[in-house]
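**Q** Okay, so here is start.cif, and as you'll see once you scroll down, it has mmCIF, C-alpha atoms.
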```cif
data_upload
#
loop_
_atom_site.label_atom_id
_atom_site.label_comp_id
_atom_site.auth_asym_id
_atom_site.auth_seq_id
_atom_site.Cartn_x
_atom_site.Cartn_y
_atom_site.Cartn_z
CA MET Z 1 -69.04 -67.65 63.32
CA GLU Z 2 -67.39 -64.63 61.78
CA VAL Z 3 -66.57 -61.21 63.14
CA GLY Z 4 -67.07 -58.09 61.02
CA THR Z 5 -63.97 -56.66 59.32
CA LYS Z 6 -63.10 -53.07 58.53
CA ASP Z 7 -64.54 -53.35 55.05
CA LEU Z 8 -67.78 -51.52 54.41
CA LYS Z 9 -69.30 -54.61 52.83
CA ASP Z 10 -69.48 -56.20 56.28
CA ALA Z 11 -71.67 -53.35 57.49
CA LEU Z 12 -74.01 -53.45 54.51
CA PRO Z 13 -77.42 -55.19 54.74
CA ARG Z 14 -77.56 -58.79 53.57
CA HIS Z 15 -80.31 -61.14 52.54
CA HIS Z 16 -79.73 -63.42 55.51
CA PRO Z 17 -79.96 -62.22 59.11
CA ILE Z 18 -76.97 -60.81 60.94
CA VAL Z 19 -76.57 -60.98 64.69
CA HIS Z 20 -75.31 -57.63 65.97
CA VAL Z 21 -73.53 -57.79 69.32
CA GLU Z 22 -72.86 -54.53 71.12
CA VAL Z 23 -70.10 -54.61 73.71
CA ILE Z 24 -69.94 -51.67 76.11
CA GLN Z 25 -66.34 -51.44 77.25
CA LYS Z 26 -65.76 -49.82 80.63
CA SER Z 27 -64.61 -46.20 80.41
CA ASP Z 28 -61.40 -46.90 82.36
CA SER Z 29 -60.48 -49.97 80.29
CA THR Z 30 -57.48 -49.80 77.97
CA ALA Z 31 -57.89 -53.30 76.55
CA LYS Z 32 -57.48 -53.60 72.79
CA MET Z 33 -60.66 -54.10 70.80
CA GLU Z 34 -59.35 -57.29 69.17
CA VAL Z 35 -58.76 -58.89 72.57
CA VAL Z 36 -62.22 -57.89 73.80
CA VAL Z 37 -63.78 -59.42 70.67
CA LEU Z 38 -61.97 -62.73 71.21
CA HIS Z 39 -63.32 -63.02 74.76
CA VAL Z 40 -66.83 -62.05 73.64
CA MET Z 41 -66.75 -64.72 70.94
CA GLU Z 42 -65.84 -67.31 73.57
CA LEU Z 43 -68.86 -66.15 75.57
CA LEU Z 44 -71.14 -66.50 72.55
CA LYS Z 45 -69.90 -70.01 71.78
CA ARG Z 46 -71.50 -71.11 75.03
CA HIS Z 47 -74.88 -69.83 73.77
CA PRO Z 48 -75.64 -71.51 70.43
CA VAL Z 49 -79.14 -69.98 70.32
CA VAL Z 50 -79.78 -66.28 71.03
CA LEU Z 51 -82.79 -63.98 71.30
CA SER Z 52 -82.91 -60.39 70.05
CA ASP Z 53 -82.96 -58.96 73.58
CA MET Z 54 -80.40 -61.25 75.24
CA SER Z 55 -77.74 -59.48 77.31
CA TRP Z 56 -75.07 -60.11 79.94
CA ASP Z 57 -73.77 -57.72 82.61
CA SER Z 58 -71.88 -60.20 84.78
CA PHE Z 59 -69.34 -62.71 83.52
CA GLU Z 60 -67.44 -65.80 84.65
CA ASP Z 61 -64.57 -64.68 82.43
CA SER Z 62 -62.36 -62.47 84.64
CA PHE Z 63 -61.18 -60.45 81.63
CA LEU Z 64 -64.75 -59.54 80.65
CA GLN Z 65 -65.61 -58.83 84.27
CA THR Z 66 -62.72 -56.35 84.44
CA HIS Z 67 -63.04 -54.62 81.10
CA VAL Z 68 -66.66 -54.95 79.91
CA ARG Z 69 -69.81 -53.37 81.28
CA SER Z 70 -72.30 -55.32 79.16
CA VAL Z 71 -72.71 -57.53 76.10
CA SER Z 72 -76.04 -57.31 74.26
CA ILE Z 73 -77.75 -58.84 71.27
CA THR Z 74 -79.23 -55.47 70.38
CA ASP Z 75 -81.12 -56.09 67.16
CA LEU Z 76 -81.34 -58.69 64.45
CA ASP Z 77 -81.57 -57.67 60.78
CA LEU Z 78 -84.78 -59.60 60.31
CA GLU Z 79 -88.11 -58.81 58.76
CA PHE Z 80 -90.72 -57.58 61.22
CA ASN Z 81 -92.66 -60.83 61.35
CA ASP Z 82 -89.73 -63.22 61.42
CA GLN Z 83 -88.70 -65.19 64.48
CA GLN Z 84 -86.45 -63.41 66.95
CA MET Z 85 -84.43 -66.53 67.76
CA VAL Z 86 -81.27 -67.39 65.81
CA GLU Z 87 -78.71 -70.18 65.84
CA LEU Z 88 -75.32 -68.51 66.13
CA LEU Z 89 -73.39 -71.34 64.50
CA GLN Z 90 -75.30 -70.78 61.25
CA THR Z 91 -75.46 -66.98 61.30
CA PRO Z 92 -72.91 -64.22 60.65
CA VAL Z 93 -72.02 -62.20 63.73
CA GLU Z 94 -70.98 -58.53 63.87
CA VAL Z 95 -69.30 -57.53 67.14
CA HIS Z 96 -69.18 -53.80 67.90
CA VAL Z 97 -66.96 -52.74 70.81
CA ILE Z 98 -67.62 -49.19 72.03
CA GLN Z 99 -67.00 -46.91 74.99
CA LEU Z 100 -69.84 -44.55 75.87
CA ASN Z 101 -69.19 -40.85 76.29
CA ASP Z 102 -70.47 -39.74 79.71
CA GLU Z 103 -70.38 -36.01 78.97
CA GLY Z 104 -73.63 -34.26 78.16
CA PRO Z 105 -74.14 -31.90 75.22
CA SER Z 106 -72.09 -28.75 74.80
CA MET Z 107 -73.66 -25.56 73.50
CA GLU Z 108 -72.61 -24.09 70.17
CA GLU Z 109 -73.04 -20.31 70.20
CA LEU Z 110 -73.03 -17.80 67.38
CA ASN Z 111 -71.95 -14.22 67.92
CA GLN Z 112 -74.42 -11.61 66.73
CA GLY Z 113 -73.41 -8.10 67.67
CA ASP Z 114 -73.26 -7.98 71.46
CA GLU Z 115 -75.20 -11.24 71.84
CA ASN Z 116 -74.23 -14.92 71.85
CA LEU Z 117 -77.07 -16.96 70.44
CA PRO Z 118 -77.49 -20.63 71.55
CA ALA Z 119 -77.41 -22.07 68.03
CA ALA Z 120 -76.98 -25.82 68.56
CA HIS Z 121 -76.44 -28.67 71.02
CA HIS Z 122 -73.40 -30.82 70.31
CA TRP Z 123 -72.93 -34.43 71.51
CA ILE Z 124 -69.93 -36.73 71.11
CA LEU Z 125 -71.22 -40.20 70.17
CA PRO Z 126 -71.82 -42.86 71.21
CA SER Z 127 -73.29 -41.16 74.26
CA THR Z 128 -74.55 -42.59 77.54
CA GLU Z 129 -77.57 -40.31 77.15
CA PHE Z 130 -78.82 -42.23 74.10
CA HIS Z 131 -77.85 -45.74 75.24
CA GLY Z 132 -80.84 -48.08 74.71
CA LEU Z 133 -82.93 -45.42 72.94
CA TRP Z 134 -82.92 -47.30 69.61
CA GLU Z 135 -84.23 -50.48 71.21
CA SER Z 136 -87.00 -48.59 73.05
CA LEU Z 137 -88.56 -47.26 69.83
CA VAL Z 138 -91.30 -49.50 68.46
CA TYR Z 139 -92.80 -49.18 64.97
CA ASP Z 140 -95.16 -51.27 62.85
CA SER Z 141 -92.81 -51.63 59.89
CA GLU Z 142 -89.06 -51.92 59.42
CA ILE Z 143 -88.52 -48.15 59.54
CA LYS Z 144 -85.36 -48.41 61.63
CA LEU Z 145 -83.77 -51.07 59.42
CA GLN Z 146 -84.66 -49.09 56.28
CA LEU Z 147 -82.98 -45.97 57.66
CA LEU Z 148 -79.84 -47.93 58.50
CA ASN Z 149 -79.79 -49.44 55.02
CA TYR Z 150 -80.16 -45.97 53.48
CA VAL Z 151 -77.07 -44.64 55.24
CA MET Z 152 -75.04 -47.73 54.34
CA THR Z 153 -75.95 -47.22 50.69
CA THR Z 154 -74.82 -43.57 50.76
CA LEU Z 155 -71.45 -44.76 52.05
CA LEU Z 156 -71.20 -47.51 49.43
CA PHE Z 157 -71.99 -45.09 46.58
CA SER Z 158 -69.40 -42.63 47.93
CA ASP Z 159 -66.75 -45.33 48.28
CA LYS Z 160 -67.41 -46.51 44.73
CA ASN Z 161 -67.27 -42.92 43.42
CA VAL Z 162 -70.70 -43.20 41.83
CA ASN Z 163 -71.22 -40.13 39.64
CA SER Z 164 -73.69 -37.95 41.55
CA ASN Z 165 -74.62 -36.17 38.31
CA VAL Z 166 -75.91 -39.47 36.99
CA ILE Z 167 -77.42 -40.84 40.22
CA SER Z 168 -78.39 -38.18 42.72
CA TRP Z 169 -78.48 -38.42 46.50
CA ASN Z 170 -78.28 -35.61 49.05
CA ARG Z 171 -77.72 -37.35 52.45
CA VAL Z 172 -80.96 -35.82 53.75
CA VAL Z 173 -83.65 -37.68 55.71
CA LEU Z 174 -87.06 -36.13 56.48
CA LEU Z 175 -89.25 -37.73 59.16
CA HIS Z 176 -92.72 -36.23 59.28
CA GLY Z 177 -95.92 -36.85 61.21
CA PRO Z 178 -97.94 -35.65 64.21
CA PRO Z 179 -96.23 -34.51 67.45
CA GLY Z 180 -95.24 -37.11 70.02
CA THR Z 181 -94.60 -39.98 67.60
CA GLY Z 182 -90.87 -40.19 68.32
CA LYS Z 183 -89.41 -38.46 65.24
CA THR Z 184 -86.71 -36.55 67.14
CA SER Z 185 -85.91 -39.55 69.33
CA LEU Z 186 -85.56 -41.72 66.23
CA CYS Z 187 -83.10 -39.23 64.69
CA LYS Z 188 -80.95 -39.22 67.84
CA ALA Z 189 -81.16 -43.00 68.15
CA LEU Z 190 -80.21 -43.41 64.48
CA ALA Z 191 -77.15 -41.18 64.93
CA GLN Z 192 -76.08 -43.27 67.93
CA LYS Z 193 -76.70 -46.58 66.16
CA LEU Z 194 -74.76 -45.48 63.08
CA CYS Z 195 -71.75 -44.58 65.20
CA ILE Z 196 -71.88 -48.04 66.76
CA ARG Z 197 -72.37 -49.94 63.49
CA LEU Z 198 -69.59 -47.93 61.81
CA SER Z 199 -67.19 -47.86 64.77
CA LYS Z 200 -64.54 -49.65 62.69
CA ARG Z 201 -64.78 -46.94 60.04
CA TYR Z 202 -65.14 -43.80 62.20
CA ARG Z 203 -63.33 -43.30 65.51
CA TYR Z 204 -66.28 -41.40 66.99
CA GLY Z 205 -69.46 -39.58 66.04
CA GLN Z 206 -70.87 -36.11 66.46
CA LEU Z 207 -74.53 -35.12 66.74
CA ILE Z 208 -75.23 -31.44 66.13
CA GLU Z 209 -78.84 -30.48 66.90
CA ILE Z 210 -79.55 -27.06 65.38
CA ASN Z 211 -81.77 -24.72 67.38
CA SER Z 212 -83.90 -23.56 64.46
CA HIS Z 213 -85.68 -20.80 66.36
CA SER Z 214 -82.42 -19.16 67.49
CA LEU Z 215 -81.30 -18.73 63.89
CA PHE Z 216 -84.07 -16.20 63.23
CA SER Z 217 -82.62 -12.80 64.03
CA LYS Z 218 -84.57 -9.87 65.40
CA TRP Z 219 -82.58 -7.82 62.89
CA PHE Z 220 -83.94 -7.92 59.35
CA SER Z 221 -81.84 -9.91 56.87
CA GLU Z 222 -79.53 -11.37 59.56
CA SER Z 223 -81.09 -14.85 59.75
CA GLY Z 224 -79.64 -16.00 56.44
CA LYS Z 225 -76.18 -14.98 57.63
CA LEU Z 226 -76.69 -16.91 60.88
CA VAL Z 227 -77.52 -20.05 58.92
CA MET Z 228 -74.29 -19.60 56.96
CA LYS Z 229 -72.31 -19.14 60.21
CA MET Z 230 -73.89 -22.27 61.71
CA PHE Z 231 -72.89 -24.40 58.75
CA GLN Z 232 -69.37 -22.97 58.81
CA LYS Z 233 -69.10 -24.44 62.32
CA ILE Z 234 -70.55 -27.74 61.08
CA GLN Z 235 -67.96 -27.75 58.30
CA GLU Z 236 -65.19 -27.76 60.93
CA SER Z 237 -66.61 -31.03 62.29
CA ILE Z 238 -67.00 -32.53 58.82
CA ASP Z 239 -63.34 -31.80 58.05
CA ASP Z 240 -62.38 -34.43 60.63
CA GLN Z 241 -62.57 -37.56 58.48
CA GLU Z 242 -62.38 -39.78 61.59
CA ALA Z 243 -65.80 -38.50 62.70
CA LEU Z 244 -69.28 -39.36 61.44
CA VAL Z 245 -71.27 -36.12 61.65
CA CYS Z 246 -75.06 -36.22 62.04
CA VAL Z 247 -76.82 -32.86 61.75
CA LEU Z 248 -80.31 -32.79 63.28
CA ILE Z 249 -82.76 -30.03 62.33
CA ASP Z 250 -85.89 -30.44 64.45
CA GLU Z 251 -89.08 -28.78 63.17
CA VAL Z 252 -87.33 -28.03 59.91
CA GLU Z 253 -90.33 -26.03 58.71
CA SER Z 254 -88.96 -23.19 60.88
CA LEU Z 255 -86.02 -22.84 58.49
CA THR Z 256 -87.63 -24.00 55.26
CA ALA Z 257 -90.93 -22.13 55.13
CA SER Z 258 -92.36 -22.28 51.63
CA ARG Z 259 -90.96 -19.42 49.58
CA SER Z 260 -94.15 -19.26 47.53
CA ALA Z 261 -95.92 -17.91 50.64
CA SER Z 262 -93.28 -15.24 51.24
CA HIS Z 263 -93.38 -13.31 47.95
CA SER Z 264 -95.09 -10.13 49.08
CA GLY Z 265 -92.84 -7.48 47.51
CA THR Z 266 -89.95 -6.80 45.17
CA GLU Z 267 -87.33 -7.56 47.85
CA PRO Z 268 -86.95 -11.14 49.15
CA SER Z 269 -88.10 -11.58 52.73
CA ASP Z 270 -85.89 -12.81 55.54
CA ALA Z 271 -87.64 -16.19 55.33
CA ILE Z 272 -86.62 -16.55 51.69
CA ARG Z 273 -83.02 -15.71 52.55
CA VAL Z 274 -83.00 -18.40 55.24
CA VAL Z 275 -84.36 -21.06 52.87
CA ASN Z 276 -81.88 -20.09 50.15
CA ALA Z 277 -78.98 -20.19 52.64
CA LEU Z 278 -79.99 -23.61 53.97
CA LEU Z 279 -80.41 -25.13 50.50
CA THR Z 280 -77.03 -23.73 49.44
CA GLN Z 281 -75.31 -25.26 52.47
CA ILE Z 282 -76.96 -28.66 51.94
CA ASP Z 283 -75.78 -28.66 48.33
CA GLN Z 284 -72.24 -27.87 49.46
CA ILE Z 285 -71.82 -30.47 52.19
CA LYS Z 286 -73.49 -33.38 50.38
CA ARG Z 287 -70.21 -34.16 48.65
CA TYR Z 288 -68.68 -35.24 51.98
CA SER Z 289 -69.18 -38.93 52.76
CA ASN Z 290 -69.07 -38.54 56.57
CA VAL Z 291 -72.18 -36.38 57.04
CA ILE Z 292 -75.91 -37.15 57.28
CA ILE Z 293 -78.64 -34.51 57.68
CA LEU Z 294 -81.63 -35.68 59.75
CA THR Z 295 -84.75 -33.50 59.82
CA THR Z 296 -88.20 -33.67 61.36
CA SER Z 297 -91.46 -31.84 60.70
CA ASN Z 298 -94.95 -31.74 62.16
CA ILE Z 299 -96.29 -29.56 59.31
CA THR Z 300 -94.95 -30.76 55.97
CA GLY Z 301 -97.37 -28.56 54.00
CA LYS Z 302 -95.38 -25.49 55.02
CA ILE Z 303 -91.98 -26.82 53.88
CA ASP Z 304 -90.43 -25.39 50.74
CA ALA Z 305 -90.77 -27.77 47.79
CA ALA Z 306 -87.06 -27.49 46.94
CA PHE Z 307 -86.11 -28.81 50.37
CA VAL Z 308 -88.61 -31.67 50.14
CA ASP Z 309 -87.10 -32.62 46.77
CA ARG Z 310 -83.63 -32.77 48.36
CA ALA Z 311 -84.75 -35.30 50.97
CA ASP Z 312 -83.74 -38.79 49.82
CA ILE Z 313 -86.06 -40.42 52.37
CA LYS Z 314 -89.42 -38.90 53.32
CA GLN Z 315 -90.70 -41.22 56.05
CA TYR Z 316 -94.08 -40.76 57.71
CA ILE Z 317 -94.08 -41.55 61.44
CA GLY Z 318 -97.66 -41.98 62.62
CA PRO Z 319 -99.37 -42.89 65.89
CA PRO Z 320 -98.62 -46.47 67.01
CA SER Z 321 -100.97 -49.30 66.09
CA VAL Z 322 -102.38 -51.79 68.59
CA LEU Z 323 -99.43 -54.09 67.89
CA ALA Z 324 -96.90 -51.32 68.58
CA ILE Z 325 -98.80 -50.12 71.67
CA TYR Z 326 -98.79 -53.65 73.04
CA GLN Z 327 -95.04 -53.94 72.50
CA ILE Z 328 -94.45 -50.56 74.15
CA PHE Z 329 -96.47 -51.51 77.21
CA LEU Z 330 -94.82 -54.94 77.29
CA SER Z 331 -91.34 -53.40 77.36
CA CYS Z 332 -92.42 -51.10 80.21
CA LEU Z 333 -93.81 -54.00 82.26
CA VAL Z 334 -90.69 -56.10 81.68
CA GLU Z 335 -88.56 -53.21 82.94
CA LEU Z 336 -90.69 -52.86 86.09
CA MET Z 337 -90.40 -56.61 86.68
CA LYS Z 338 -86.61 -56.42 86.35
CA LYS Z 339 -86.56 -53.66 88.96
CA GLY Z 340 -88.84 -55.55 91.35
CA ILE Z 341 -91.76 -53.08 91.22
CA ILE Z 342 -93.99 -55.71 89.62
CA ARG Z 343 -93.65 -59.28 90.82
CA THR Z 344 -92.25 -61.45 88.03
CA HIS Z 345 -94.90 -62.98 85.81
CA GLN Z 346 -94.83 -64.48 82.32
CA LEU Z 347 -96.26 -62.28 79.56
CA LEU Z 348 -96.67 -63.37 75.95
CA SER Z 349 -95.52 -61.39 72.94
CA PHE Z 350 -98.09 -60.10 70.47
CA ARG Z 351 -96.93 -62.72 67.97
CA GLN Z 352 -97.50 -65.50 70.51
CA LEU Z 353 -101.03 -64.24 71.13
CA GLU Z 354 -101.66 -64.28 67.39
CA MET Z 355 -100.38 -67.86 67.15
CA MET Z 356 -102.82 -68.80 69.92
CA LYS Z 357 -105.57 -66.93 68.03
CA PHE Z 358 -106.08 -64.88 71.20
CA ALA Z 359 -107.59 -67.89 72.98
CA GLU Z 360 -108.08 -67.35 76.72
CA THR Z 361 -106.19 -69.70 79.01
CA ASP Z 362 -104.67 -69.32 82.46
CA MET Z 363 -101.35 -68.58 80.78
CA SER Z 364 -102.68 -66.04 78.27
CA GLN Z 365 -105.15 -64.19 80.51
CA PRO Z 366 -102.77 -61.40 81.70
CA SER Z 367 -101.51 -60.89 78.15
CA LEU Z 368 -105.06 -60.67 76.82
CA HIS Z 369 -105.81 -58.07 79.51
CA LEU Z 370 -102.82 -56.07 78.27
CA HIS Z 371 -104.07 -56.47 74.68
CA THR Z 372 -107.44 -55.01 75.71
CA ILE Z 373 -105.67 -52.03 77.29
CA ALA Z 374 -103.59 -51.58 74.13
CA LYS Z 375 -106.72 -51.52 71.95
CA LYS Z 376 -108.37 -48.78 73.98
CA SER Z 377 -105.09 -46.79 73.97
CA GLN Z 378 -105.28 -46.19 70.21
CA GLY Z 379 -104.83 -42.53 69.39
CA LEU Z 380 -102.28 -41.88 72.12
CA SER Z 381 -98.76 -40.95 71.09
CA GLY Z 382 -95.70 -42.99 71.97
CA ARG Z 383 -94.58 -40.15 74.25
CA VAL Z 384 -97.80 -40.42 76.28
CA LEU Z 385 -97.84 -44.22 76.29
CA ARG Z 386 -94.45 -44.43 77.98
CA LYS Z 387 -95.64 -42.07 80.73
CA LEU Z 388 -98.73 -44.12 81.56
CA PRO Z 389 -97.01 -46.87 83.61
CA PHE Z 390 -95.54 -44.15 85.83
CA ILE Z 391 -98.94 -42.46 86.20
CA ALA Z 392 -100.57 -45.83 86.88
CA HIS Z 393 -98.19 -46.52 89.74
CA ALA Z 394 -98.29 -42.99 91.17
CA LEU Z 395 -102.08 -42.65 91.21
CA TYR Z 396 -103.46 -46.17 91.52
CA VAL Z 397 -100.80 -48.48 93.00
CA LYS Z 398 -98.92 -46.40 95.57
CA GLU Z 399 -97.00 -49.44 96.86
CA SER Z 400 -93.38 -50.27 96.25
CA THR Z 401 -94.21 -53.76 94.92
CA THR Z 402 -97.40 -55.09 93.37
CA THR Z 403 -98.76 -57.99 91.33
CA LEU Z 404 -99.09 -57.92 87.56
CA SER Z 405 -102.86 -58.17 87.81
CA CYS Z 406 -103.10 -55.14 90.09
CA PHE Z 407 -100.75 -53.15 87.90
CA LEU Z 408 -102.72 -53.93 84.73
CA ASP Z 409 -105.88 -52.68 86.46
CA ALA Z 410 -104.02 -49.51 87.39
CA LEU Z 411 -102.71 -49.11 83.83
CA SER Z 412 -106.23 -49.45 82.47
CA GLN Z 413 -107.40 -46.68 84.81
CA ALA Z 414 -104.49 -44.48 83.75
CA VAL Z 415 -105.49 -44.87 80.09
CA ASP Z 416 -109.11 -43.91 80.90
CA ARG Z 417 -107.86 -40.91 82.84
CA GLN Z 418 -105.74 -39.78 79.90
CA PHE Z 419 -108.72 -39.66 77.56
CA THR Z 420 -110.83 -37.89 80.21
CA GLU Z 421 -108.15 -35.24 80.66
CA ARG Z 422 -107.98 -34.78 76.89
CA ALA Z 423 -111.73 -34.27 76.68
CA ASN Z 424 -111.66 -31.76 79.53
CA LEU Z 425 -108.84 -29.79 77.89
CA ALA Z 426 -110.69 -29.78 74.57
#
```
Write the structure described by the file as structure tokens, please.
**A**
Amino acid sequence: MEVGTKDLKDALPRHHPIVHVEVIQKSDSTAKMEVVVLHVMELLKRHPVVLSDMSWDSFEDSFLQTHVRSVSITDLDLEFNDQQMVELLQTPVEVHVIQLNDEGPSMEELNQGDENLPAAHHWILPSTEFHGLWESLVYDSEIKLQLLNYVMTTLLFSDKNVNSNVISWNRVVLLHGPPGTGKTSLCKALAQKLCIRLSKRYRYGQLIEINSHSLFSKWFSESGKLVMKMFQKIQESIDDQEALVCVLIDEVESLTASRSASHSGTEPSDAIRVVNALLTQIDQIKRYSNVIILTTSNITGKIDAAFVDRADIKQYIGPPSVLAIYQIFLSCLVELMKKGIIRTHQLLSFRQLEMMKFAETDMSQPSLHLHTIAKKSQGLSGRVLRKLPFIAHALYVKESTTTLSCFLDALSQAVDRQFTERANLA
């Protein structure tokens, strides 16, 4: 087995799978990273075969017990349909030792006359708030892996001094799709995951979530100046070369409304000034290797074409398929089993059901019931799907502990109720 070095090449995607091991070091621990890695490697040697969701939070090793909160096989760089079981002795291992920041976001304010406008939320990463968020997001294709690979390539091209006049890239990602599909969560999770994967390169990360609506001033022509002020603050963070800076602009259409719709007179409107200011700032900061701009949009048709052109990745995030819904529900049920709310019962993965050709047996019956629920849940967003187990328990279980069969019946009722409520609202 090998442990990742400080070289960027060890963080870049490879053709064979890599086992990524995330080690959460206790906040009061002062142990050196190299020592922690050695003890973690000894732990892994006792487990020649690992699964993608394997984790440890108690240890026989007294050093790990004292200094480490958890060790997790967080994700494997595998294709979506590949097996999630890997032999460690034949696979490269990347160990990432991190300490989570327990502080919540701070507020970045901009002064405008006598007012202080709440312009952005600012997190120091990796943050406890986003711990486990990446793993909770389920998609039908390798969207998450593709986004990671994109950022690694931007770093490689910067390190190699690739001429940006010959090959152009802008460090801008645009995630678009209907509301509730997890675009903002994916941006925050990506920022957190990047800080973990690149912890040997950057000492810490920063996530700056711009409050787009606050940057529109009630005073004509001031909004463009506010955008400039906001990016001046961002520049201060970028100047720290030990930090990876992720700028998140949610609902980016608020700041990048199409200029073609704003030409109504001889003078440019405030909206045009805002778009021009934002594009200028993006063009200025793209030359820094330690910054990534993450944006989301529900209404891509209203975004200025020049901004869309600057986005290196334009990824559609749609409603989850039956496969993704099944995996979301499965992760929720596993969590409730871990916490003792559902009595422990074996559930099959979607892939295992496919291998069985969805044949009904005593072993597969609960999983097939869950598959039926997943099929009738099509059309619901990921945000709603993750609420349904809570609603199922609150309205139809009402007991502290229940069986899997009873809970699946309750979940089915909760799904029916969701569609009924939608129809009534419509």
**Q** At a cut-off of 10 Å, using only C-alpha atoms, what residues contact Glu251 (chain Z)? Leave out same-chain residues fewer than 4 positions from it and give the result as a PDB file with C-alpha atoms, in the coordinates of the input.
**A**
```
ATOM      1  CA  LEU Z 175     -89.250 -37.730  59.160  1.00  0.00           C
ATOM      2  CA  HIS Z 176     -92.720 -36.230  59.280  1.00  0.00           C
ATOM      3  CA  LYS Z 183     -89.410 -38.460  65.240  1.00  0.00           C
ATOM      4  CA  THR Z 184     -86.710 -36.550  67.140  1.00  0.00           C
ATOM      5  CA  ILE Z 210     -79.550 -27.060  65.380  1.00  0.00           C
ATOM      6  CA  ASN Z 211     -81.770 -24.720  67.380  1.00  0.00           C
ATOM      7  CA  SER Z 212     -83.900 -23.560  64.460  1.00  0.00           C
ATOM      8  CA  HIS Z 213     -85.680 -20.800  66.360  1.00  0.00           C
ATOM      9  CA  LEU Z 255     -86.020 -22.840  58.490  1.00  0.00           C
ATOM     10  CA  THR Z 256     -87.630 -24.000  55.260  1.00  0.00           C
ATOM     11  CA  THR Z 295     -84.750 -33.500  59.820  1.00  0.00           C
ATOM     12  CA  THR Z 296     -88.200 -33.670  61.360  1.00  0.00           C
ATOM     13  CA  SER Z 297     -91.460 -31.840  60.700  1.00  0.00           C
ATOM     14  CA  ASN Z 298     -94.950 -31.740  62.160  1.00  0.00           C
ATOM     15  CA  ILE Z 299     -96.290 -29.560  59.310  1.00  0.00           C
ATOM     16  CA  THR Z 300     -94.950 -30.760  55.970  1.00  0.00           C
ATOM     17  CA  ILE Z 303     -91.980 -26.820  53.880  1.00  0.00           C
TER      18      ILE Z 303
END
```
**Q** Taking a cut-off of 12 Å and counting all atoms listed in the file, can you build a table that, for each residue of region 53-132 of chain Z near region 237-244 of chain Z, reports the nearest atom pair and how far apart they are in Å (one decimal), sorted by chain then residue number, as JSON lines?
**A**
```
{"residue": "Z:His122", "atom": "CA", "partner": "Z:Ser237", "partner_atom": "CA", "distance": 10.5}
{"residue": "Z:Trp123", "atom": "CA", "partner": "Z:Ser237", "partner_atom": "CA", "distance": 11.7}
{"residue": "Z:Ile124", "atom": "CA", "partner": "Z:Ala243", "partner_atom": "CA", "distance": 9.5}
{"residue": "Z:Leu125", "atom": "CA", "partner": "Z:Leu244", "partner_atom": "CA", "distance": 9.0}
{"residue": "Z:Pro126", "atom": "CA", "partner": "Z:Leu244", "partner_atom": "CA", "distance": 10.7}
```
**Q** Output C-alpha atoms for every residue in the selection just made, as an mmCIF file, keeping the file's coordinate frame.
**A**
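What follows is the written file result-v3.cif:
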```
data_model
loop_
_atom_site.group_PDB
_atom_site.id
_atom_site.type_symbol
_atom_site.label_atom_id
_atom_site.label_comp_id
_atom_site.auth_asym_id
_atom_site.auth_seq_id
_atom_site.Cartn_x
_atom_site.Cartn_y
_atom_site.Cartn_z
ATOM 1 C CA HIS Z 122 -73.400 -30.820 70.310
ATOM 2 C CA TRP Z 123 -72.930 -34.430 71.510
ATOM 3 C CA ILE Z 124 -69.930 -36.730 71.110
ATOM 4 C CA LEU Z 125 -71.220 -40.200 70.170
ATOM 5 C CA PRO Z 126 -71.820 -42.860 71.210
#
```
**Q** If you count all atoms listed in the file, which residues fall within 10 Å of Arg386 (chain Z), apart from same-chain ones fewer than 5 positions away, as a PDB file with C-alpha atoms, in the frame of the given file?
**A**
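Result file is around-v3.pdb:
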```pdb
ATOM      1  CA  SER Z 136     -87.000 -48.590  73.050  1.00  0.00           C
ATOM      2  CA  ILE Z 325     -98.800 -50.120  71.670  1.00  0.00           C
ATOM      3  CA  ILE Z 328     -94.450 -50.560  74.150  1.00  0.00           C
ATOM      4  CA  PHE Z 329     -96.470 -51.510  77.210  1.00  0.00           C
ATOM      5  CA  SER Z 331     -91.340 -53.400  77.360  1.00  0.00           C
ATOM      6  CA  CYS Z 332     -92.420 -51.100  80.210  1.00  0.00           C
ATOM      7  CA  SER Z 381     -98.760 -40.950  71.090  1.00  0.00           C
ATOM      8  CA  ILE Z 391     -98.940 -42.460  86.200  1.00  0.00           C
TER       9      ILE Z 391
END
```
**Q** Could you give me, as JSON, numbers by chain, the residues that have an atom at most 12 Å away from the point (-107.0, -50.6, 87.4) in the coordinates of the file, using all atoms listed in the file?
**A** {"Z": [369, 370, 373, 389, 391, 392, 393, 395, 396, 397, 403, 404, 405, 406, 407, 408, 409, 410, 411, 412, 413, 414, 415, 416, 417]}
**Q** Assuming the chain letters and numbering stay as they are in my file, what does the PyMOL selection byres ((chain Z and resi 248) around 9) actually select? List them as a ChimeraX atom specification.
**A** /Z:184,187-188,207-210,246-247,249-250,292-296
**Q** On this structure, which residues satisfy the PyMOL selection byres ((chain Z and resi 272-288) around 8), written as a list in words?
**A** Asn170, Arg171, Ser221, Ser223, Gly224, Lys225, Val227, Met228, Phe231, Gln235, Ile238, Leu255, Thr256, Ala257, Arg259, Ser262, Pro268, Ser269, Asp270, Ala271, Ser289, Asn290, Val291, Asp304, Ala306 and Phe307 of chain Z
**Q** Calculate how many Å separate CA of Thr372 (chain Z) from CA of Leu323 (chain Z), rounding to one decimal.
**A**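 Value for the CA of Thr372 (chain Z)-CA of Leu323 (chain Z) distance: 11.2 Å.
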**Q** Could you tell me, as a PyMOL selection string, exactly which residues end up selected when the PyMOL selection byres ((chain Z and resi 151) around 12) is applied to this structure?
**A** chain Z and resi 8+11-13+144-150+152-158+169-173+190-191+193-195+197-198+244+246+289-294+312-313
